[in-house]
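Content type compact mmCIF, C-alpha atoms, from the file input.txt:
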# COMPACT_ATOMS: atom_id res chain seq x y z
CA MET V 116 -84.23 56.46 -7.11
CA GLY V 117 -85.75 53.05 -6.52
CA GLU V 118 -86.91 50.08 -8.53
CA VAL V 119 -90.13 48.27 -9.17
CA SER V 120 -89.83 44.79 -10.63
CA ARG V 121 -92.08 41.97 -11.71
CA GLY V 122 -91.19 38.38 -12.45
CA PHE V 123 -93.37 35.86 -14.20
CA ARG V 124 -93.24 32.73 -16.31
CA ALA V 125 -93.85 32.99 -20.06
CA MET V 126 -92.67 31.29 -23.24
CA ASN V 127 -91.28 28.45 -21.19
CA THR V 128 -88.81 30.71 -19.43
CA ASN V 129 -88.52 33.16 -16.54
CA VAL V 130 -89.14 36.79 -17.37
CA VAL V 131 -88.07 39.69 -15.17
CA ALA V 132 -88.90 43.31 -15.88
CA VAL V 133 -87.45 46.17 -13.82
CA VAL V 134 -88.32 49.86 -13.88
CA VAL V 135 -86.19 52.52 -12.19
CA THR V 136 -88.54 54.95 -10.53
CA ASP V 137 -88.77 57.83 -8.18
CA ASP V 138 -91.50 58.02 -5.57
CA GLY V 139 -93.86 59.78 -7.93
CA ASP V 140 -94.16 57.08 -10.58
CA ARG V 141 -94.05 53.81 -8.67
CA ALA V 142 -97.77 53.19 -9.13
CA ASP V 143 -97.51 53.90 -12.82
CA ALA V 144 -94.54 51.54 -13.07
CA LYS V 145 -96.52 48.73 -11.45
CA ILE V 146 -99.31 49.19 -13.96
CA ALA V 147 -96.83 49.17 -16.83
CA LEU V 148 -95.19 45.97 -15.59
CA ALA V 149 -98.59 44.27 -15.41
CA GLU V 150 -99.11 45.33 -19.02
CA VAL V 151 -95.79 43.73 -19.90
CA GLU V 152 -96.84 40.41 -18.40
CA ALA V 153 -100.16 40.55 -20.27
CA LEU V 154 -98.27 41.33 -23.48
CA PHE V 155 -96.06 38.27 -23.10
CA ALA V 156 -99.11 36.09 -22.46
CA GLU V 157 -100.81 37.45 -25.56
CA ILE V 158 -97.76 36.90 -27.76
CA GLU V 159 -97.18 33.39 -26.42
CA ALA V 160 -100.81 32.46 -27.01
CA ALA V 161 -100.42 33.54 -30.62
CA LEU V 162 -96.94 32.27 -31.46
CA SER V 163 -96.33 29.05 -29.53
CA ARG V 164 -95.95 26.02 -31.74
CA PHE V 165 -96.38 23.77 -28.70
CA ARG V 166 -99.93 24.93 -28.05
CA PRO V 167 -102.36 23.22 -30.40
CA ASP V 168 -104.77 26.11 -29.97
CA SER V 169 -102.27 28.87 -30.72
CA GLU V 170 -102.78 30.98 -33.80
CA LEU V 171 -99.46 29.72 -35.20
CA SER V 172 -100.54 26.10 -34.79
CA ARG V 173 -103.77 26.87 -36.62
CA LEU V 174 -101.80 28.56 -39.37
CA ASN V 175 -99.54 25.52 -39.74
CA ARG V 176 -102.57 23.23 -39.88
CA SER V 177 -104.04 25.32 -42.66
CA ALA V 178 -100.98 25.05 -44.88
CA GLY V 179 -101.84 25.33 -48.52
CA GLN V 180 -104.60 27.86 -48.11
CA PRO V 181 -104.74 31.56 -47.16
CA PHE V 182 -104.99 32.04 -43.39
CA PRO V 183 -106.51 35.28 -42.06
CA ALA V 184 -103.99 36.36 -39.43
CA SER V 185 -104.14 38.70 -36.48
CA THR V 186 -102.12 41.88 -36.63
CA LEU V 187 -99.65 40.34 -34.20
CA LEU V 188 -99.03 37.08 -36.08
CA TYR V 189 -98.87 38.88 -39.40
CA ALA V 190 -96.29 41.35 -38.06
CA VAL V 191 -94.03 38.63 -36.63
CA VAL V 192 -94.19 36.48 -39.75
CA ASP V 193 -93.50 39.56 -41.86
CA GLU V 194 -90.42 40.35 -39.76
CA ALA V 195 -89.28 36.71 -39.81
CA LEU V 196 -89.48 36.60 -43.62
CA ALA V 197 -87.69 39.96 -43.90
CA THR V 198 -84.91 38.54 -41.73
CA ALA V 199 -84.79 35.42 -43.89
CA ARG V 200 -84.36 37.62 -46.98
CA ALA V 201 -81.68 39.70 -45.30
CA THR V 202 -79.69 36.63 -44.29
CA GLY V 203 -80.09 34.74 -47.54
CA GLY V 204 -82.15 32.11 -45.76
CA LEU V 205 -79.69 31.39 -42.96
CA PHE V 206 -82.44 32.46 -40.65
CA ASP V 207 -85.33 30.37 -41.89
CA PRO V 208 -88.63 30.23 -39.99
CA THR V 209 -89.67 27.21 -42.04
CA VAL V 210 -87.19 24.76 -40.51
CA LEU V 211 -89.98 23.34 -38.39
CA GLY V 212 -89.92 20.11 -40.38
CA ALA V 213 -86.21 19.61 -39.69
CA LEU V 214 -86.68 20.43 -36.02
CA VAL V 215 -89.43 17.86 -35.70
CA ALA V 216 -87.40 15.35 -37.69
CA ALA V 217 -84.48 15.90 -35.32
CA GLY V 218 -86.79 15.03 -32.46
CA TYR V 219 -87.75 18.48 -31.14
CA ASP V 220 -91.45 17.86 -31.54
CA ARG V 221 -92.68 19.08 -28.18
CA SER V 222 -91.79 21.50 -25.43
CA PHE V 223 -88.17 20.82 -24.59
CA GLU V 224 -88.84 19.98 -20.96
CA LEU V 225 -90.78 16.95 -22.13
CA LEU V 226 -88.03 15.55 -24.33
CA PRO V 227 -85.83 13.75 -21.75
CA SER V 228 -88.72 11.47 -20.83
CA ARG V 229 -88.82 10.14 -24.35
CA PRO V 230 -87.10 6.80 -24.99
CA LEU V 231 -84.14 7.35 -27.26
CA GLY V 232 -84.83 6.70 -30.90
CA SER V 233 -88.55 6.40 -30.46
CA PHE V 234 -89.70 9.59 -32.04
CA PRO V 235 -92.91 9.23 -33.97
CA ALA V 236 -93.16 8.62 -37.64
CA SER V 237 -94.96 11.93 -37.98
CA GLY V 238 -91.63 13.68 -37.62
CA ASP V 239 -90.18 11.78 -40.53
CA THR V 240 -93.30 12.48 -42.52
CA VAL V 241 -92.86 16.19 -41.94
CA ARG V 242 -89.19 15.96 -42.91
CA ARG V 243 -89.89 14.19 -46.16
CA THR V 244 -92.41 16.75 -47.24
CA ALA V 245 -91.48 19.98 -45.45
CA ARG V 246 -88.07 20.47 -47.06
CA ARG V 247 -89.63 20.77 -50.47
CA SER V 248 -90.56 24.32 -49.54
CA ASP V 249 -88.87 27.05 -47.57
CA TRP V 250 -89.38 30.65 -46.50
CA ARG V 251 -89.48 31.86 -50.11
CA ASP V 252 -92.71 29.98 -50.65
CA VAL V 253 -94.58 31.63 -47.77
CA CYS V 254 -96.94 34.28 -49.19
CA LEU V 255 -98.12 37.37 -47.35
CA ALA V 256 -101.08 39.39 -48.62
CA PRO V 257 -101.12 42.71 -46.79
CA GLU V 258 -104.43 43.85 -48.30
CA THR V 259 -106.27 40.89 -46.78
CA ARG V 260 -103.70 40.27 -44.02
CA THR V 261 -103.55 36.62 -44.93
CA ILE V 262 -100.62 34.23 -44.75
CA THR V 263 -100.30 31.22 -47.02
CA VAL V 264 -97.88 28.53 -45.93
CA PRO V 265 -97.08 26.02 -48.70
CA PRO V 266 -98.37 22.48 -48.25
CA GLY V 267 -96.10 20.32 -46.12
CA CYS V 268 -94.37 23.37 -44.67
CA GLY V 269 -94.56 24.65 -41.10
CA LEU V 270 -93.48 27.88 -39.42
CA ASP V 271 -91.50 28.00 -36.19
CA LEU V 272 -91.22 31.51 -34.77
CA GLY V 273 -89.26 30.43 -31.72
CA GLY V 274 -86.12 32.01 -33.14
CA ILE V 275 -87.62 35.47 -33.21
CA GLY V 276 -90.79 35.43 -31.11
CA LYS V 277 -89.22 35.91 -27.70
CA GLY V 278 -87.01 38.72 -28.89
CA TRP V 279 -89.95 40.32 -30.62
CA ALA V 280 -91.89 40.13 -27.33
CA VAL V 281 -89.07 41.80 -25.39
CA ASP V 282 -88.91 44.58 -27.97
CA ARG V 283 -92.67 45.18 -27.71
CA ALA V 284 -92.37 45.16 -23.91
CA ALA V 285 -89.60 47.75 -24.17
CA GLU V 286 -91.98 49.96 -26.16
CA THR V 287 -94.51 49.60 -23.36
CA LEU V 288 -91.94 50.74 -20.80
CA ARG V 289 -90.44 53.47 -22.97
CA ARG V 290 -92.15 56.22 -20.97
CA PHE V 291 -89.73 55.39 -18.17
CA ARG V 292 -86.18 56.42 -18.91
CA SER V 293 -84.51 53.50 -17.20
CA PHE V 294 -85.74 49.93 -17.28
CA ALA V 295 -84.65 46.42 -18.19
CA ILE V 296 -86.38 43.27 -19.39
CA ASP V 297 -84.82 39.82 -19.21
CA ALA V 298 -86.66 36.96 -20.88
CA GLY V 299 -84.53 33.90 -20.24
CA GLY V 300 -81.33 35.65 -21.29
CA ASP V 301 -82.79 37.78 -24.09
CA ILE V 302 -82.34 41.22 -22.58
CA TYR V 303 -83.09 44.85 -23.32
CA ALA V 304 -81.63 47.45 -20.97
CA SER V 305 -82.50 51.14 -21.14
CA GLY V 306 -80.82 53.97 -19.28
CA HIS V 307 -79.16 52.96 -16.03
CA GLN V 308 -79.73 51.13 -12.79
CA ALA V 309 -81.15 52.83 -9.72
CA ASP V 310 -77.64 53.60 -8.43
CA GLY V 311 -76.72 55.34 -11.68
CA THR V 312 -74.44 52.60 -13.02
CA LEU V 313 -74.88 50.83 -16.32
CA TRP V 314 -76.85 47.60 -16.49
CA THR V 315 -74.50 44.64 -16.19
CA ILE V 316 -75.05 41.41 -18.07
CA GLY V 317 -72.97 38.28 -17.60
CA VAL V 318 -72.30 36.11 -20.65
CA GLU V 319 -72.82 32.54 -19.56
CA ASN V 320 -70.04 30.09 -20.33
CA PRO V 321 -71.71 27.49 -22.57
CA HIS V 322 -69.18 24.89 -21.49
CA ASP V 323 -70.03 25.39 -17.84
CA PRO V 324 -73.24 27.28 -17.10
CA THR V 325 -72.18 27.94 -13.51
CA PHE V 326 -69.57 30.37 -14.82
CA SER V 327 -69.81 33.67 -16.63
CA LEU V 328 -67.29 34.21 -19.36
CA LEU V 329 -67.29 37.97 -18.95
CA VAL V 330 -69.61 40.81 -17.99
CA LEU V 331 -71.10 43.44 -20.28
CA ALA V 332 -72.13 46.94 -19.23
CA VAL V 333 -74.77 48.44 -21.49
CA ARG V 334 -77.22 51.29 -21.90
CA ASP V 335 -80.05 51.36 -24.44
CA ARG V 336 -78.91 48.08 -25.91
CA ALA V 337 -80.26 44.61 -26.51
CA VAL V 338 -78.32 41.43 -25.81
CA ALA V 339 -79.18 37.92 -26.96
CA THR V 340 -77.37 34.60 -27.17
CA SER V 341 -77.81 31.55 -29.34
CA THR V 342 -76.22 28.33 -28.24
CA THR V 343 -76.07 24.67 -29.13
CA ALA V 344 -75.24 23.84 -25.53
CA ARG V 345 -78.84 24.02 -24.41
CA ARG V 346 -81.80 22.09 -25.69
CA ARG V 347 -79.76 19.04 -26.59
CA TRP V 348 -81.11 15.54 -26.76
CA GLN V 349 -80.24 12.14 -28.13
CA LYS V 350 -81.75 10.54 -31.17
CA ASN V 351 -80.57 7.26 -32.62
CA GLY V 352 -77.33 7.55 -30.65
CA ARG V 353 -76.55 11.05 -31.96
CA THR V 354 -76.67 14.28 -30.03
CA GLN V 355 -79.16 16.70 -31.51
CA HIS V 356 -79.80 20.36 -30.78
CA HIS V 357 -82.35 22.91 -31.84
CA LEU V 358 -80.24 25.15 -34.10
CA ILE V 359 -80.90 23.74 -37.53
CA ASP V 360 -78.67 24.82 -40.40
CA PRO V 361 -81.09 25.45 -43.30
CA ARG V 362 -78.31 24.60 -45.76
CA THR V 363 -78.17 21.01 -44.51
CA GLY V 364 -81.42 20.55 -42.66
CA GLU V 365 -79.36 19.17 -39.78
CA PRO V 366 -78.30 20.57 -36.40
CA SER V 367 -75.42 23.01 -36.91
CA GLN V 368 -71.84 21.74 -36.68
CA SER V 369 -70.14 25.07 -37.39
CA GLY V 370 -67.59 24.96 -34.61
CA VAL V 371 -69.35 27.74 -32.69
CA VAL V 372 -71.05 26.65 -29.49
CA ALA V 373 -72.55 30.01 -28.54
CA ALA V 374 -72.93 33.45 -30.09
CA THR V 375 -73.76 36.53 -28.04
CA VAL V 376 -74.78 39.68 -29.90
CA VAL V 377 -75.33 43.25 -28.71
CA ALA V 378 -77.64 45.26 -30.99
CA ASP V 379 -80.36 47.90 -30.97
CA SER V 380 -83.21 45.41 -30.68
CA VAL V 381 -83.52 41.96 -29.19
CA ALA V 382 -85.06 40.47 -32.31
CA ARG V 383 -82.08 41.71 -34.32
CA ALA V 384 -79.58 40.50 -31.72
CA GLU V 385 -81.32 37.12 -31.55
CA THR V 386 -81.35 36.52 -35.30
CA LEU V 387 -77.80 37.79 -35.82
CA ALA V 388 -76.59 35.51 -33.03
CA LYS V 389 -78.18 32.55 -34.71
CA VAL V 390 -76.79 33.47 -38.14
CA ALA V 391 -73.27 34.03 -36.77
CA LEU V 392 -73.39 30.68 -35.01
CA LEU V 393 -74.46 28.90 -38.19
CA LEU V 394 -71.78 30.60 -40.28
CA GLY V 395 -68.92 29.50 -38.06
CA PRO V 396 -66.05 31.43 -36.46
CA LEU V 397 -64.56 33.64 -39.18
CA ALA V 398 -67.59 34.16 -41.40
CA GLY V 399 -69.74 34.67 -38.34
CA LEU V 400 -67.38 37.29 -36.99
CA SER V 401 -67.24 39.00 -40.38
CA ILE V 402 -70.99 39.38 -40.59
CA LEU V 403 -71.09 40.86 -37.09
CA ASN V 404 -68.30 43.31 -37.91
CA ALA V 405 -70.20 44.39 -41.03
CA GLN V 406 -73.33 45.42 -39.09
CA PRO V 407 -73.35 49.02 -37.85
CA GLY V 408 -73.98 49.25 -34.14
CA VAL V 409 -73.60 45.52 -33.60
CA GLU V 410 -71.00 43.75 -31.48
CA GLY V 411 -70.67 40.09 -30.71
CA LEU V 412 -68.73 37.25 -29.19
CA LEU V 413 -68.44 33.69 -30.49
CA VAL V 414 -67.50 30.83 -28.17
CA LEU V 415 -65.91 27.92 -30.01
CA VAL V 416 -66.04 24.20 -29.44
CA ASP V 417 -62.43 24.24 -28.21
CA ARG V 418 -63.50 26.48 -25.30
CA ARG V 419 -61.92 29.63 -26.63
CA TRP V 420 -63.74 32.66 -27.98
CA ILE V 421 -63.44 35.49 -30.50
CA GLU V 422 -64.84 39.01 -30.32
CA SER V 423 -66.00 41.59 -32.86
CA ALA V 424 -63.83 44.64 -33.45
CA GLY V 425 -65.62 46.98 -31.04
CA PHE V 426 -66.67 44.45 -28.47
CA HIS V 427 -64.42 46.00 -25.84
CA GLU V 428 -66.77 48.98 -25.78
CA VAL V 429 -69.50 46.92 -24.14
CA ARG V 430 -67.28 44.96 -21.81
CA ASN V 431 -67.64 45.93 -18.21
CA GLY V 432 -64.96 48.27 -16.92
CA THR V 433 -63.81 49.63 -20.26
CA MET F 187 18.49 52.57 -49.78
CA SER F 188 18.33 54.27 -53.18
CA SER F 189 15.46 56.48 -54.25
CA ARG F 190 14.46 53.78 -56.87
CA GLN F 191 14.17 51.05 -54.18
CA ARG F 192 12.04 53.35 -51.96
CA SER F 193 9.62 54.04 -54.89
CA LYS F 194 8.97 50.25 -55.32
CA ALA F 195 8.06 49.65 -51.67
CA PRO F 196 4.33 50.58 -51.83
CA TRP F 197 3.73 48.13 -54.74
CA ARG F 198 5.24 45.33 -52.67
CA TRP F 199 2.76 46.04 -49.89
CA VAL F 200 -0.08 46.05 -52.39
CA VAL F 201 0.99 42.62 -53.70
CA ILE F 202 1.29 41.22 -50.18
CA VAL F 203 -2.16 42.52 -49.14
CA VAL F 204 -3.89 41.30 -52.33
CA SER F 205 -2.32 37.86 -52.14
CA GLY F 206 -3.25 37.66 -48.44
CA LEU F 207 -6.88 38.50 -49.17
CA ALA F 208 -6.99 35.95 -51.95
CA THR F 209 -5.61 33.27 -49.64
CA ALA F 210 -8.12 34.19 -46.96
CA GLY F 211 -10.89 34.02 -49.57
CA ILE F 212 -9.88 30.51 -50.59
CA PHE F 213 -9.81 29.35 -47.01
CA GLY F 214 -13.14 31.10 -46.42
CA ALA F 215 -14.64 29.28 -49.35
CA ILE F 216 -13.31 25.99 -48.03
CA LEU F 217 -14.66 26.69 -44.58
CA ASN F 218 -18.04 28.08 -45.62
CA GLY F 219 -18.71 26.11 -48.72
CA PRO F 220 -19.14 27.41 -52.21
CA THR F 221 -20.68 30.82 -52.61
CA PRO F 222 -24.08 30.43 -54.30
CA THR F 223 -24.42 32.11 -57.61
CA HIS F 224 -27.65 33.41 -59.12
CA ALA F 225 -28.25 33.60 -62.80
CA SER F 226 -31.21 35.85 -62.03
CA PRO F 227 -32.49 37.59 -58.93
CA PRO F 228 -34.46 35.35 -56.62
CA PRO F 229 -38.21 35.58 -57.21
CA THR F 230 -39.94 38.16 -55.09
CA PRO F 231 -42.37 36.39 -52.81
CA VAL F 232 -46.00 37.29 -53.47
CA VAL F 233 -47.44 38.79 -50.34
CA VAL F 234 -51.05 37.88 -49.84
CA GLN F 235 -52.89 39.91 -47.22
CA PRO F 236 -54.00 37.19 -44.86
CA ALA F 237 -57.40 37.08 -43.26
CA PRO F 238 -57.16 37.49 -39.52
CA SER F 239 -55.82 34.25 -38.23
CA MET F 240 -57.63 32.38 -35.53
CA SER F 241 -54.60 32.72 -33.30
CA GLN F 242 -54.84 36.51 -33.58
CA LEU F 243 -58.50 36.52 -32.73
CA LEU F 244 -58.70 33.91 -30.05
CA ASN F 245 -59.14 34.72 -26.43
CA GLN F 246 -59.00 32.32 -23.64
CA ASP F 247 -59.64 32.23 -19.99
CA GLN F 248 -56.86 34.07 -18.21
CA GLY F 249 -57.27 31.99 -15.16
CA SER F 250 -56.95 28.64 -16.82
CA SER F 251 -53.63 27.14 -17.68
CA SER F 252 -55.25 24.61 -19.98
CA GLY F 253 -57.38 27.13 -21.84
CA ASP F 254 -60.53 25.46 -20.66
CA LEU F 255 -63.10 28.06 -19.88
CA GLY F 256 -64.30 28.09 -16.38
CA SER F 257 -62.05 25.38 -15.14
CA GLU F 258 -60.49 27.74 -12.66
CA GLY F 259 -59.45 31.33 -12.20
CA ASP F 260 -61.10 34.64 -12.77
CA SER F 261 -64.10 33.65 -14.81
CA GLY F 262 -65.81 31.98 -11.93
CA PRO F 263 -69.19 32.19 -10.29
CA SER F 264 -68.23 35.47 -8.68
CA GLN F 265 -68.48 37.14 -12.08
CA ALA F 266 -71.97 35.81 -12.53
CA SER F 267 -72.99 37.26 -9.22
CA GLN F 268 -71.49 40.64 -10.19
CA SER F 269 -73.86 41.04 -13.09
CA ARG F 270 -77.48 42.02 -12.83
CA PHE F 271 -78.60 39.66 -15.58
CA VAL F 272 -77.11 36.73 -17.47
CA THR F 273 -77.50 36.08 -21.19
CA ARG F 274 -77.47 32.36 -21.68
CA GLY F 275 -79.05 31.52 -24.95
CA SER F 276 -82.04 29.42 -25.65

Structure rendered as structure tokens:
Amino acid sequence: MGEVSRGFRAMNTNVVAVVVTDDGDRADAKIALAEVEALFAEIEAALSRFRPDSELSRLNRSAGQPFPASTLLYAVVDEALATARATGGLFDPTVLGALVAAGYDRSFELLPSRPLGSFPASGDTVRRTARRSDWRDVCLAPETRTITVPPGCGLDLGGIGKGWAVDRAAETLRRFRSFAIDAGGDIYASGHQADGTLWTIGVENPHDPTFSLLVLAVRDRAVATSTTARRRWQKNGRTQHHLIDPRTGEPSQSGVVAATVVADSVARAETLAKVALLLGPLAGLSILNAQPGVEGLLVLVDRRWIESAGFHEVRNGT
Amino acid sequence: MSSRQRSKAPWRWVVIVVSGLATAGIFGAILNGPTPTHASPPPTPVVVQPAPSMSQLLNQDQGSSSGDLGSEGDSGPSQASQSRFVTRGS
């Protein structure tokens, strides 16, 4: 058995897709990996809030009136709202206003160049108006496939879009028994590696990214992590990060620095990781333990961590 | 010794033993303090099933004496290199 892999840049991160092949299907694997790259490009073009010409940006600009959406955008918004319902709003795709108000108003790589405390008034404008509405006010009309975002409200699908893309890519590669896709740490791994061993995934230490906390060994599983340790910036002398708690409209201060979740899909792992992080150590662990087929690990601000009841099953070497 | 004197002997021993125990009890009370008395049985403590405590759930880096992750020991860069991918959050 051998491998065919393809790496590319998408959604502001590095993506690597690997297919385990035998000699007979290498050409087919290369075609499939090219399809995966095209899929990521298509999804990014539709869902990026940093591209003024993306379909999501056009939807946000048309707030207050029905927006005829593509099948792709409609499906992701539908899933995001379903997740918001399932989590009682802890996952809220309408926190865009709070994100912008906190200073995350452009692609993160551009933020450090901004003078501290000089974020534009537009962010404050969005904050004053956007919090009047939330995910419950977003209307989907399946018969016309239109989305209506309430006035002053904006959608940010960054919390689910990348995971959704990895899941769609996994569907594309499903005809191969063994493959893996890694989109900046959001990972789906199917089957086994070329040498027959399970796929191994290190869990980065949020307190020191040069270290891995531990290593997972998985098959047919998705792994995703949410953390407050990345995408941090300063505003008005306060450290901000991108994980907004919808209950406060402010960056989360739950005591959890990072949440890693193992689930059946990346979108599910990604959203559960975010929810567990927002809930804090004990409540976060409880919600992970209550989900069938889900395991997780929460790293706390004091540099220790807690694990879900069956987490040992996905730890390497157990 | 008459048969009457012999029949009284066990009672003398009983008196000696009882008075000895009483004396020892008095000294014991002096040494140990007064014996507490209870008008009613002490209340039975209500046992509340605790939620898992943080101390039961917490893990920490085995290689670090301070508990700081990654400061030293087993969880070092070598682990990162042992894994095919790394989940790091976004």

Using all atoms listed in the file, I'd like a table of the residues in chain V that come within 7 Å of chain F; for each, show the closest atom pair and its distance in Å rounded to one decimal, ordered by chain and ascending number, as a Markdown table.
| residue | atom | partner | partner_atom | distance |
| --- | --- | --- | --- | --- |
| V:Gly300 | CA | F:Thr273 | CA | 3.9 |
| V:Asp301 | CA | F:Thr273 | CA | 6.3 |
| V:Trp314 | CA | F:Arg270 | CA | 6.7 |
| V:Thr315 | CA | F:Ser269 | CA | 4.8 |
| V:Ile316 | CA | F:Phe271 | CA | 4.7 |
| V:Gly317 | CA | F:Val272 | CA | 4.4 |
| V:Val318 | CA | F:Thr273 | CA | 5.2 |
| V:Glu319 | CA | F:Arg274 | CA | 5.1 |
| V:Asp323 | CA | F:Gly256 | CA | 6.5 |
| V:Thr325 | CA | F:Pro263 | CA | 6.1 |
| V:Phe326 | CA | F:Pro263 | CA | 4.9 |
| V:Ser327 | CA | F:Ala266 | CA | 5.1 |
| V:Leu328 | CA | F:Ser261 | CA | 5.6 |
| V:Leu329 | CA | F:Ser261 | CA | 6.8 |
| V:Val330 | CA | F:Ser269 | CA | 6.5 |
| V:Ala339 | CA | F:Thr273 | CA | 6.3 |
| V:Thr340 | CA | F:Gly275 | CA | 4.2 |
| V:Ser341 | CA | F:Gly275 | CA | 4.6 |
| V:Thr342 | CA | F:Gly275 | CA | 5.4 |
| V:Arg345 | CA | F:Ser276 | CA | 6.4 |
| V:Arg418 | CA | F:Asp254 | CA | 5.6 |
| V:Arg419 | CA | F:Gln246 | CA | 5.0 |
| V:Trp420 | CA | F:Asn245 | CA | 5.3 |
| V:Ile421 | CA | F:Leu244 | CA | 5.0 |

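Atom CA of Leu162 of chain V lies 13.2 Å from atom CA of Asp193 of chain V.
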
>> Counting all atoms listed in the file, which residue out of V:Ala374, V:Thr259, V:Ala201, V:Phe291 sits closest to Gly139 of chain V?
In response: V:Phe291

>> With only C-alpha atoms as the counted atoms, please give the residues lying no more than 10 Å from Val333 of chain V, apart from itself and same-chain residues fewer than 2 positions off, as a VMD selection string.
In response: chain V and resid 303 to 307 312 to 316 330 to 331 335 to 338 377 428 to 431

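Going from atom CA of Val372 of chain V to atom CA of Leu413 of chain V covers 7.6 Å.
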
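If you count all atoms listed in the file and ignore residues fewer than 2 places along the chain from segment 184-189 of chain V, what sits within 10 Å of it is Glu157, Ile158, Ala161, Leu162, Glu170, Leu171, Arg173, Leu174, Pro181, Phe182, Val191, Val192, Asp193, Glu194, Ala195, Leu255, Ala256, Pro257, Thr259, Arg260, Thr261, Ile262, Thr263, Leu272 and Gly276 of chain V.
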
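Interatomic distance, atom CA of Gln406 of chain V against atom CA of Ala378 of chain V: 9.2 Å.
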